Every structure is written in C-alpha cells, then in structure tokens.
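Next comes input35.cif, with mmCIF, C-alpha atoms.
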```
data_target
loop_
_atom_site.group_PDB
_atom_site.id
_atom_site.type_symbol
_atom_site.label_atom_id
_atom_site.label_comp_id
_atom_site.auth_asym_id
_atom_site.auth_seq_id
_atom_site.Cartn_x
_atom_site.Cartn_y
_atom_site.Cartn_z
ATOM 1 C CA MET A 3 87.847 111.375 118.545
ATOM 2 C CA ASN A 4 90.502 110.468 121.114
ATOM 3 C CA GLU A 5 93.003 107.616 120.864
ATOM 4 C CA LYS A 6 91.085 105.251 123.159
ATOM 5 C CA GLU A 7 87.879 105.605 121.153
ATOM 6 C CA LEU A 8 89.823 105.112 117.936
ATOM 7 C CA ILE A 9 91.416 101.913 119.250
ATOM 8 C CA ALA A 10 88.033 100.622 120.485
ATOM 9 C CA LEU A 11 86.526 101.225 117.041
ATOM 10 C CA LEU A 12 89.479 99.609 115.294
ATOM 11 C CA LYS A 13 89.068 96.545 117.505
ATOM 12 C CA GLN A 14 85.561 96.286 116.034
ATOM 13 C CA LYS A 15 87.200 96.435 112.554
ATOM 14 C CA ASP A 16 85.634 99.815 111.802
ATOM 15 C CA ARG A 17 86.762 101.004 108.354
ATOM 16 C CA ALA A 18 86.509 104.725 109.134
ATOM 17 C CA ALA A 19 88.676 104.315 112.243
ATOM 18 C CA PHE A 20 91.242 102.366 110.236
ATOM 19 C CA LYS A 21 91.292 105.067 107.557
ATOM 20 C CA ASP A 22 91.763 107.677 110.253
ATOM 21 C CA ILE A 23 94.728 105.792 111.722
ATOM 22 C CA VAL A 24 96.334 105.253 108.312
ATOM 23 C CA GLU A 25 95.973 108.910 107.349
ATOM 24 C CA THR A 26 97.344 110.075 110.696
ATOM 25 C CA TRP A 27 100.387 107.782 110.785
ATOM 26 C CA GLN A 28 101.207 107.041 107.136
ATOM 27 C CA ASP A 29 103.902 109.746 106.838
ATOM 28 C CA MET A 30 105.563 108.664 110.079
ATOM 29 C CA VAL A 31 105.557 104.986 109.059
ATOM 30 C CA TYR A 32 106.719 105.656 105.495
ATOM 31 C CA ASN A 33 109.443 108.097 106.566
ATOM 32 C CA THR A 34 110.876 105.671 109.138
ATOM 33 C CA ALA A 35 110.785 102.751 106.704
ATOM 34 C CA LEU A 36 112.422 104.918 104.025
ATOM 35 C CA GLY A 37 115.226 105.923 106.401
ATOM 36 C CA ILE A 38 115.970 102.301 107.267
ATOM 37 C CA LEU A 39 115.406 100.705 103.842
ATOM 38 C CA GLN A 40 116.682 103.538 101.614
ATOM 39 C CA ASN A 41 114.363 102.541 98.780
ATOM 40 C CA GLU A 42 111.016 104.180 98.027
ATOM 41 C CA GLU A 43 109.258 101.066 96.684
ATOM 42 C CA ASP A 44 110.405 98.923 99.608
ATOM 43 C CA ALA A 45 109.326 101.658 102.034
ATOM 44 C CA GLU A 46 105.823 101.804 100.530
ATOM 45 C CA ASP A 47 105.561 98.018 100.561
ATOM 46 C CA THR A 48 106.666 97.876 104.204
ATOM 47 C CA ALA A 49 104.321 100.719 105.188
ATOM 48 C CA GLN A 50 101.418 98.721 103.750
ATOM 49 C CA GLU A 51 102.528 95.626 105.667
ATOM 50 C CA VAL A 52 102.702 97.690 108.874
ATOM 51 C CA PHE A 53 99.098 98.879 108.549
ATOM 52 C CA ILE A 54 97.881 95.374 107.663
ATOM 53 C CA GLN A 55 99.555 94.140 110.858
ATOM 54 C CA VAL A 56 98.009 97.023 112.844
ATOM 55 C CA PHE A 57 94.557 96.107 111.522
ATOM 56 C CA GLU A 58 94.976 92.387 112.158
ATOM 57 C CA SER A 59 96.603 92.501 115.593
ATOM 58 C CA ILE A 60 94.955 95.532 117.199
ATOM 59 C CA SER A 61 93.103 93.105 119.507
ATOM 60 C CA SER A 62 96.462 92.098 121.029
ATOM 61 C CA PHE A 63 97.422 95.757 121.691
ATOM 62 C CA LYS A 64 97.228 96.096 125.488
ATOM 63 C CA GLU A 65 97.419 99.931 125.566
ATOM 64 C CA ASP A 66 100.429 99.870 127.963
ATOM 65 C CA SER A 67 102.169 102.241 125.561
ATOM 66 C CA LYS A 68 100.971 104.931 123.175
ATOM 67 C CA LEU A 69 99.522 103.833 119.840
ATOM 68 C CA SER A 70 102.313 105.697 118.022
ATOM 69 C CA THR A 71 104.987 103.781 119.994
ATOM 70 C CA TRP A 72 103.347 100.488 119.051
ATOM 71 C CA ILE A 73 103.134 101.482 115.375
ATOM 72 C CA TYR A 74 106.782 102.646 115.395
ATOM 73 C CA ARG A 75 107.793 99.285 116.914
ATOM 74 C CA ILE A 76 105.991 97.377 114.141
ATOM 75 C CA THR A 77 107.559 99.655 111.513
ATOM 76 C CA VAL A 78 111.102 99.106 112.752
ATOM 77 C CA SER A 79 110.687 95.342 113.015
ATOM 78 C CA LYS A 80 109.012 95.064 109.581
ATOM 79 C CA SER A 81 111.745 97.197 107.983
ATOM 80 C CA LEU A 82 114.511 95.082 109.512
ATOM 81 C CA ASP A 83 112.673 91.924 108.379
ATOM 82 C CA HIS A 84 112.568 93.345 104.861
ATOM 83 C CA ILE A 85 116.345 93.900 104.903
ATOM 84 C CA ARG A 86 116.905 90.328 106.113
ATOM 85 C CA LYS A 87 114.654 88.942 103.369
ATOM 86 C CA LYS A 88 116.503 90.979 100.732
ATOM 87 C CA LYS A 89 119.890 89.773 101.975
ATOM 88 C CA ARG A 90 118.671 86.170 101.905
ATOM 89 C CA LYS A 91 117.468 86.620 98.314
ATOM 90 C CA LYS A 92 120.819 88.159 97.323
ATOM 91 C CA ARG A 93 122.741 85.273 98.903
ATOM 92 C CA PHE A 94 120.518 82.738 97.147
ATOM 93 C CA ALA A 95 120.978 84.501 93.781
ATOM 94 C CA PHE A 96 124.747 84.531 94.341
ATOM 95 C CA ILE A 97 124.825 80.774 95.076
ATOM 96 C CA GLN A 98 122.644 80.154 92.013
ATOM 97 C CA SER A 99 125.021 82.198 89.867
ATOM 98 C CA LEU A 100 127.962 80.094 91.136
ATOM 99 C CA TYR A 101 126.254 76.943 89.867
ATOM 100 C CA GLY A 102 125.257 78.644 86.632
ATOM 101 C CA GLY A 103 121.563 78.514 87.489
ATOM 102 C CA ASN A 104 121.061 82.258 87.302
ATOM 103 C CA ASP A 105 122.574 84.055 84.341
ATOM 104 C CA GLU A 106 121.167 87.452 85.307
ATOM 105 C CA LYS A 107 123.842 89.887 86.450
ATOM 106 C CA MET A 108 123.443 91.206 89.981
ATOM 107 C CA ILE A 109 122.824 94.938 89.719
ATOM 108 C CA GLU A 110 124.120 97.189 92.477
ATOM 109 C CA PRO A 111 121.359 99.541 93.731
ATOM 110 C CA PRO A 112 121.860 103.169 92.712
ATOM 111 C CA ASP A 113 122.790 105.870 95.242
ATOM 112 C CA PHE A 114 119.897 106.753 97.513
ATOM 113 C CA PHE A 115 118.638 110.347 97.441
ATOM 114 C CA HIS A 116 116.284 111.075 100.308
ATOM 115 C CA PRO A 117 113.483 113.322 98.987
ATOM 116 C CA GLY A 118 113.504 115.431 102.159
ATOM 117 C CA ILE A 119 117.088 116.668 101.805
ATOM 118 C CA SER A 120 117.977 120.051 100.322
ATOM 119 C CA ILE A 121 119.924 120.093 97.042
ATOM 120 C CA GLU A 122 123.099 121.597 98.544
ATOM 121 C CA ASN A 123 123.345 118.720 101.050
ATOM 122 C CA LYS A 124 122.532 115.927 98.596
ATOM 123 C CA GLU A 125 126.112 114.826 97.873
ATOM 124 C CA ASN A 126 127.062 114.639 101.550
ATOM 125 C CA ALA A 127 123.792 112.909 102.415
ATOM 126 C CA VAL A 128 124.463 110.187 99.823
ATOM 127 C CA ALA A 129 127.756 109.417 101.596
ATOM 128 C CA LEU A 130 126.030 109.438 104.979
ATOM 129 C CA PHE A 131 123.233 107.090 103.849
ATOM 130 C CA LYS A 132 125.850 104.674 102.465
ATOM 131 C CA ALA A 133 127.479 104.682 105.894
ATOM 132 C CA ILE A 134 124.092 104.252 107.653
ATOM 133 C CA GLU A 135 123.476 101.150 105.522
ATOM 134 C CA LYS A 136 126.571 99.519 107.053
ATOM 135 C CA LEU A 137 125.429 100.009 110.667
ATOM 136 C CA SER A 138 124.073 97.118 112.732
ATOM 137 C CA SER A 139 120.265 96.780 112.939
ATOM 138 C CA ASN A 140 119.982 98.341 116.407
ATOM 139 C CA GLN A 141 122.318 101.253 115.678
ATOM 140 C CA LYS A 142 120.604 101.911 112.347
ATOM 141 C CA SER A 143 117.128 101.932 113.922
ATOM 142 C CA ALA A 144 118.172 104.226 116.770
ATOM 143 C CA PHE A 145 119.995 106.624 114.432
ATOM 144 C CA VAL A 146 117.087 106.837 111.968
ATOM 145 C CA LEU A 147 114.554 107.376 114.754
ATOM 146 C CA ASN A 148 116.709 110.095 116.287
ATOM 147 C CA LYS A 149 118.019 111.970 113.238
ATOM 148 C CA ILE A 150 115.327 111.394 110.614
ATOM 149 C CA GLU A 151 112.223 111.100 112.774
ATOM 150 C CA GLY A 152 113.534 113.548 115.385
ATOM 151 C CA LEU A 153 112.537 111.401 118.377
ATOM 152 C CA SER A 154 113.954 111.898 121.868
ATOM 153 C CA TYR A 155 116.054 109.264 123.667
ATOM 154 C CA LEU A 156 113.051 108.509 125.892
ATOM 155 C CA GLU A 157 110.775 107.835 122.904
ATOM 156 C CA ILE A 158 113.441 105.705 121.182
ATOM 157 C CA GLY A 159 113.881 103.767 124.433
ATOM 158 C CA GLU A 160 110.148 103.054 124.586
ATOM 159 C CA ILE A 161 110.088 101.869 120.978
ATOM 160 C CA MET A 162 113.214 99.723 121.218
ATOM 161 C CA GLU A 163 112.492 98.687 124.825
ATOM 162 C CA LEU A 164 115.806 100.064 126.080
ATOM 163 C CA SER A 165 116.828 102.446 128.852
ATOM 164 C CA ASP A 166 117.860 106.063 128.108
ATOM 165 C CA SER A 167 121.502 105.285 128.822
ATOM 166 C CA ALA A 168 121.408 102.258 126.496
ATOM 167 C CA VAL A 169 119.975 104.445 123.710
ATOM 168 C CA ASP A 170 122.667 107.046 124.381
ATOM 169 C CA ALA A 171 125.413 104.398 124.169
ATOM 170 C CA LEU A 172 123.857 102.967 121.000
ATOM 171 C CA LEU A 173 123.800 106.379 119.315
ATOM 172 C CA GLN A 174 127.368 107.167 120.363
ATOM 173 C CA ARG A 175 128.562 103.889 118.839
ATOM 174 C CA ALA A 176 126.505 104.586 115.708
ATOM 175 C CA ARG A 177 128.106 108.039 115.286
ATOM 176 C CA LYS A 178 131.582 106.589 115.824
ATOM 177 C CA ASN A 179 130.993 103.827 113.245
ATOM 178 C CA LEU A 180 129.533 106.317 110.775
ATOM 179 C CA LYS A 181 132.651 108.474 111.030
ATOM 180 C CA VAL A 182 134.891 105.441 110.382
ATOM 181 C CA SER A 183 132.822 104.436 107.323
ATOM 182 C CA LEU A 184 132.800 108.010 106.005
ATOM 183 C CA LYS A 185 136.575 108.280 106.454
ATOM 184 C CA ASP A 186 137.082 105.112 104.379
ATOM 185 C CA TYR A 187 134.614 106.385 101.782
ATOM 186 C CA TYR A 188 136.347 109.742 101.340
ATOM 187 C CA LYS A 189 139.817 108.146 101.345
ATOM 188 C CA LEU A 190 138.673 105.841 98.554
ATOM 189 C CA LEU A 191 137.433 108.854 96.611
ATOM 190 C CA GLY A 192 140.885 110.447 97.067
ATOM 191 C CA CYS A 193 139.741 113.552 98.904
ATOM 192 C CA MET B 22 144.351 116.179 103.218
ATOM 193 C CA GLN B 23 143.422 114.857 106.698
ATOM 194 C CA GLU B 24 141.794 118.193 107.503
ATOM 195 C CA ASN B 25 139.852 118.049 104.266
ATOM 196 C CA ILE B 26 138.566 114.546 105.083
ATOM 197 C CA ASN B 27 137.609 115.600 108.623
ATOM 198 C CA LYS B 28 135.688 118.562 107.240
ATOM 199 C CA LYS B 29 133.909 116.332 104.723
ATOM 200 C CA ILE B 30 132.980 113.886 107.498
ATOM 201 C CA GLU B 31 131.557 116.679 109.656
ATOM 202 C CA ASP B 32 129.613 118.060 106.671
ATOM 203 C CA ALA B 33 128.207 114.610 105.915
ATOM 204 C CA MET B 34 127.249 114.050 109.558
ATOM 205 C CA HIS B 35 125.274 117.308 109.517
ATOM 206 C CA SER B 36 123.817 116.838 106.033
ATOM 207 C CA ILE B 37 120.558 115.412 107.358
ATOM 208 C CA ASP B 38 120.000 118.117 109.968
ATOM 209 C CA GLY B 39 116.623 119.683 109.287
ATOM 210 C CA ILE B 40 115.602 116.871 106.927
ATOM 211 C CA GLU B 41 111.987 117.161 105.758
ATOM 212 C CA LYS B 42 109.624 114.272 106.292
ATOM 213 C CA SER B 43 108.708 112.440 103.121
ATOM 214 C CA SER B 44 105.248 111.083 102.388
ATOM 215 C CA PRO B 45 104.090 108.095 100.389
ATOM 216 C CA SER B 46 102.641 108.786 96.956
ATOM 217 C CA PRO B 47 98.962 109.883 96.872
ATOM 218 C CA PHE B 48 96.085 107.424 97.375
ATOM 219 C CA PHE B 49 98.087 105.314 99.811
ATOM 220 C CA PHE B 50 94.945 104.194 101.642
ATOM 221 C CA THR B 51 93.283 103.107 98.381
ATOM 222 C CA ARG B 52 96.304 100.970 97.457
ATOM 223 C CA LEU B 53 96.414 99.546 100.982
ATOM 224 C CA GLU B 54 92.732 98.599 100.852
ATOM 225 C CA ALA B 55 93.204 96.992 97.424
ATOM 226 C CA ARG B 56 96.088 94.907 98.777
ATOM 227 C CA MET B 57 94.087 93.838 101.824
ATOM 228 C CA GLN B 58 91.166 92.904 99.591
ATOM 229 C CA LYS B 59 93.469 90.886 97.317
ATOM 230 C CA GLU B 60 94.980 88.979 100.256
ATOM 231 C CA LYS B 61 91.516 88.403 101.688
ATOM 232 C CA ASN B 62 90.323 87.149 98.277
ATOM 233 C CA ILE B 63 93.061 84.512 98.106
ATOM 234 C CA TRP B 64 91.937 83.044 101.447
ATOM 235 C CA GLU B 65 88.272 83.385 100.594
ATOM 236 C CA THR B 66 88.781 81.535 97.301
ATOM 237 C CA LEU B 67 90.704 78.786 99.052
ATOM 238 C CA THR B 68 88.167 78.321 101.856
ATOM 239 C CA SER B 69 85.172 78.508 99.513
ATOM 240 C CA PHE B 70 86.817 75.854 97.292
ATOM 241 C CA ILE B 71 87.517 73.499 100.198
ATOM 242 C CA THR B 72 84.037 73.913 101.680
ATOM 243 C CA LYS B 73 82.230 73.165 98.384
ATOM 244 C CA PRO B 74 79.940 70.111 99.014
ATOM 245 C CA VAL B 75 81.378 68.187 96.050
ATOM 246 C CA ILE B 76 84.997 68.777 97.146
ATOM 247 C CA ALA B 77 84.214 68.060 100.808
ATOM 248 C CA PHE B 78 82.329 64.829 99.883
ATOM 249 C CA ALA B 79 85.140 63.718 97.558
ATOM 250 C CA CYS B 80 87.721 64.332 100.320
ATOM 251 C CA ILE B 81 85.667 62.317 102.840
ATOM 252 C CA CYS B 82 85.279 59.447 100.321
ATOM 253 C CA LEU B 83 89.019 59.484 99.648
ATOM 254 C CA VAL B 84 89.822 59.311 103.360
ATOM 255 C CA ILE B 85 87.341 56.422 103.840
ATOM 256 C CA MET B 86 88.827 54.556 100.838
ATOM 257 C CA ILE B 87 92.376 54.973 102.130
ATOM 258 C CA ASN B 88 91.290 53.716 105.560
ATOM 259 C CA ALA B 89 89.471 50.735 104.063
ATOM 260 C CA PHE B 90 92.452 49.855 101.889
ATOM 261 C CA VAL B 91 94.830 49.979 104.865
ATOM 262 C CA ILE B 92 92.502 47.847 107.041
ATOM 263 C CA PHE B 93 91.872 45.182 104.347
ATOM 264 C CA SER B 94 95.469 44.945 103.252
ATOM 265 C CA SER B 95 96.653 44.507 106.839
ATOM 266 C CA SER B 96 94.005 41.792 107.568
ATOM 267 C CA ASN B 97 95.021 39.930 104.367
ATOM 268 C CA THR B 98 98.644 40.002 105.407
ATOM 269 C CA ASP B 99 97.648 38.676 108.839
ATOM 270 C CA SER B 100 95.699 35.689 107.395
ATOM 271 C CA THR B 101 98.552 34.830 104.989
ATOM 272 C CA VAL B 102 101.016 34.883 107.823
ATOM 273 C CA THR B 103 98.759 32.666 109.962
ATOM 274 C CA GLN B 104 98.279 30.229 107.066
ATOM 275 C CA GLN B 105 102.020 30.063 106.439
ATOM 276 C CA THR B 106 102.705 29.487 110.130
ATOM 277 C CA ASN B 107 100.178 26.617 110.202
ATOM 278 C CA GLN B 108 101.701 25.052 107.084
ATOM 279 C CA LEU B 109 105.175 25.244 108.556
ATOM 280 C CA ALA B 110 103.959 23.703 111.788
ATOM 281 C CA THR B 111 102.325 20.800 109.890
ATOM 282 C CA VAL B 112 105.431 20.242 107.803
ATOM 283 C CA ASP B 113 107.570 20.235 110.899
ATOM 284 C CA GLU B 114 105.257 17.838 112.638
ATOM 285 C CA TYR B 115 105.063 15.410 109.671
ATOM 286 C CA SER B 116 108.744 15.569 108.892
ATOM 287 C CA GLN B 117 109.493 14.809 112.495
ATOM 288 C CA LEU B 118 106.999 11.916 112.461
ATOM 289 C CA SER B 119 108.269 10.441 109.192
ATOM 290 C CA ALA B 120 111.821 10.800 110.386
ATOM 291 C CA THR B 121 110.921 8.882 113.513
ATOM 292 C CA LEU B 122 109.129 6.130 111.553
ATOM 293 C CA TYR B 123 111.999 5.866 109.119
ATOM 294 C CA GLU B 124 114.404 5.574 111.971
ATOM 295 C CA PHE B 125 112.274 2.808 113.501
ATOM 296 C CA GLU B 126 111.896 0.878 110.247
ATOM 297 C CA ASN B 127 115.490 1.197 109.175
ATOM 298 C CA THR B 128 117.339 0.559 112.330
ATOM 299 C CA LYS B 129 119.729 -1.765 110.447
ATOM 300 C CA PRO B 130 121.060 -1.187 106.967
#
```

Give the structure from this file in structure tokens form.
Amino acid sequence: MNEKELIALLKQKDRAAFKDIVETWQDMVYNTALGILQNEEDAEDTAQEVFIQVFESISSFKEDSKLSTWIYRITVSKSLDHIRKKKRKKRFAFIQSLYGGNDEKMIEPPDFFHPGISIENKENAVALFKAIEKLSSNQKSAFVLNKIEGLSYLEIGEIMELSDSAVDALLQRARKNLKVSLKDYYKLLGC
Amino acid sequence: MQENINKKIEDAMHSIDGIEKSSPSPFFFTRLEARMQKEKNIWETLTSFITKPVIAFACICLVIMINAFVIFSSSNTDSTVTQQTNQLATVDEYSQLSATLYEFENTKP
C-alpha cells in the first residue's frame, strides 16, 4: 500500500491503516522525543500524544509535504510543549514550597543514559546530553534531528520550515554552545 | 589541563556518532489504543449523561424557572417604582396645595 492510499484510508478512520502508520513510524517518533526529552516515560507519553494527534487531524493534512515530515513536525512541537509544561510545573512547585504549601523536596532527575549508545561512550554521552538540555528549543530540535535521527539539512529545513542556510547556522550555533557548556562541565569536575 | 579539557570536549561531541535508534517498549499500539479508548470514554460518558432525557428536561426546566424569576422580579420592581412615584407626586401636589391654602388663610399673624 502506498502513502497516498494509506492517508486516504486513515482519513476514513480505518483502524488497520492507523496501525500500519503507528508501526511504521513509532521508532522514529519515540527516538526523536527521547532525544529531546531525555526521559523514557515522557518520550512514550509524547509518542502516544503524537499518534493521537495524527489520527485526529489527518483530515487537515494537505499532502504538501511527506507524511514523515508532518509526523516529525508534530513530534518536535509536542516534545517542546512537554518541556514547557514540565518547567511550568517545576516553577509552580517552587513557588508553593516558598509559601510552605508543598513540603515535598524537589528531586533532581538522574543522569540520562540513551539506550542506543555503546558502553564505552556512555560517560561522554551523559555530559553531552546535559549540554543538549541547556540549548534553546530550536537548536535542540535541529541538533537532535541531525545527530540522533541522522536527517539531512534539507529534511530538517522542511520539518522546521527553515532554509538550508538557516539550519546550517542553527547547527553551528548549537555546536558552539555545546562546547561552551561542556567546557564549564569539565572545569567543574576538575579535569 | 586545557588540552585535557579540549580532548574531553571532542570525545563528548563524538560520543553520539553511530548512535542506535531506540524503540518504545513492546505492545506500543495496544497501549495507544487503550489510551484513545479511555479518552473517548470520558467524552462519551459526559455526552451520554448530558443527553439523558431526565437531565435534559431538568436543565430546560431550570432555565425556564430562572427566566420566569428574572421576568417576574423585574416587573414587580417596576410596579413598586411606579407606585412610589405616584405617591410622591400626590404628596408633592397636596403639600403644595395645603401650603398655598395655609398661606392664604394666615396672611396675618
């Protein structure tokens, strides 16, 4: 079954077509969300939200771009939304703790170990993921799509609705900022 | 030391080269379907509750009662105001008349 037929069936809310789409794209969606969110539970939760959105708004998909580009776009925006929601919750909990309303101690999340990284690179990857977390939303998305998903500048541009040169500039800035963060991290460790 | 840090930074920057793609835990589609069903159920329960004849009839009655109350209370207020205005007008008229008569009758002390 080709993509057009699949989309036509999904527009008719066909369960088999939806299952087909989920099984084809679930790894891509989960992997991208995991790279951005750095938490397996949050990534699974976001991946589910992405497919619910795909199912509900397939009728608004105009087929100007590839289905994968559209799904990537939803994934990135849902993942960034999730980060914003988490930050808002953290801020609210902090304010509550100031007024004595929340006695629970705020627990720092543990270091993130990406399951796809080899054991010998784990320590360095932990430092890199900590630095990725500090990047701005756009730089983080572009870096994850390029380095973790292995997408080309052209594909990233289509997803983020940017030109090739803008993606290139974004990635250069991301790399520069990562190096600054890593330098601070290693200095703090006393290397 | 600077060289050591630079080397560490380069190593970290290349640590995700050749990263393997991770997958969600098995039965992802089953969990997704269960979640969609659950969300659908919440809306279904809500709509089926609202559209129950008893609930719908009770809501309509409540709206009619509120409307009736507002209409009657405003008409009562209107009649009271009219009555009070009439009374005031009469009092004014009589007081003016009596004052005039008094003035006529008692022109000299």

Just need the box for segment 71-79 of chain B, edges along x, y and z, holding every atom the file lists for it with 5 Å tacked onto each side, so centre and edge lengths in Å to one decimal, as AutoDock Vina command-line options.
```
--center_x 83.7 --center_y 68.8 --center_z 98.9 --size_x 17.6 --size_y 20.2 --size_z 15.6
```

*Separation of atom CA of Met30 of chain A and atom CA of Leu137 of chain A, in Å?*
21.7 Å

Find the residues in chain B near chain A: any atom within 6 Å counts, using all atoms listed in the file. Write them as a JSON list (two decimals) with C-alpha atoms, keeping the file's coordinate frame.
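And here is the file that came out, part-v7.json:
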```json
[["chain", "number", "residue", "atom", "x", "y", "z"],
["B", 33, "ALA", "CA", 128.21, 114.61, 105.92],
["B", 36, "SER", "CA", 123.82, 116.84, 106.03],
["B", 40, "ILE", "CA", 115.60, 116.87, 106.93],
["B", 41, "GLU", "CA", 111.99, 117.16, 105.76],
["B", 42, "LYS", "CA", 109.62, 114.27, 106.29],
["B", 43, "SER", "CA", 108.71, 112.44, 103.12],
["B", 44, "SER", "CA", 105.25, 111.08, 102.39],
["B", 53, "LEU", "CA", 96.41, 99.55, 100.98]]
```

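You will find atom CA of Ser62 of chain A at 20.0 Å from atom CA of Ala18 of chain A.
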
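Taking atom CA of Gly39 of chain B and atom CA of Ser67 of chain A as endpoints, the distance between them is 27.9 Å.
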
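Distances to Ile134 of chain A were evaluated for B:Ile26, B:Leu67, B:Leu109, B:Met34 using all atoms listed in the file, and the minimum falls at B:Met34.
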
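The nearest approach to Asn140 of chain A among the residues A:Ile9, A:Gly102, A:His84, A:Gly159, with all atoms listed in the file taken into account, belongs to A:Gly159.
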
*Run the PyMOL selection byres ((chain A and resi 83) around 12) against the file shown and list the residues it catches, as a PyMOL selection string.*
chain A and resi 35+38-39+44+48+51-52+76-82+84-90+139

Just-selected residues, C-alpha atoms written as an mmCIF file, in the frame of the given file:
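In the end it all went to again10.cif:
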```cif
data_model
loop_
_atom_site.group_PDB
_atom_site.id
_atom_site.type_symbol
_atom_site.label_atom_id
_atom_site.label_comp_id
_atom_site.auth_asym_id
_atom_site.auth_seq_id
_atom_site.Cartn_x
_atom_site.Cartn_y
_atom_site.Cartn_z
ATOM 1 C CA ALA A 35 110.785 102.751 106.704
ATOM 2 C CA ILE A 38 115.970 102.301 107.267
ATOM 3 C CA LEU A 39 115.406 100.705 103.842
ATOM 4 C CA ASP A 44 110.405 98.923 99.608
ATOM 5 C CA THR A 48 106.666 97.876 104.204
ATOM 6 C CA GLU A 51 102.528 95.626 105.667
ATOM 7 C CA VAL A 52 102.702 97.690 108.874
ATOM 8 C CA ILE A 76 105.991 97.377 114.141
ATOM 9 C CA THR A 77 107.559 99.655 111.513
ATOM 10 C CA VAL A 78 111.102 99.106 112.752
ATOM 11 C CA SER A 79 110.687 95.342 113.015
ATOM 12 C CA LYS A 80 109.012 95.064 109.581
ATOM 13 C CA SER A 81 111.745 97.197 107.983
ATOM 14 C CA LEU A 82 114.511 95.082 109.512
ATOM 15 C CA HIS A 84 112.568 93.345 104.861
ATOM 16 C CA ILE A 85 116.345 93.900 104.903
ATOM 17 C CA ARG A 86 116.905 90.328 106.113
ATOM 18 C CA LYS A 87 114.654 88.942 103.369
ATOM 19 C CA LYS A 88 116.503 90.979 100.732
ATOM 20 C CA LYS A 89 119.890 89.773 101.975
ATOM 21 C CA ARG A 90 118.671 86.170 101.905
ATOM 22 C CA SER A 139 120.265 96.780 112.939
#
```
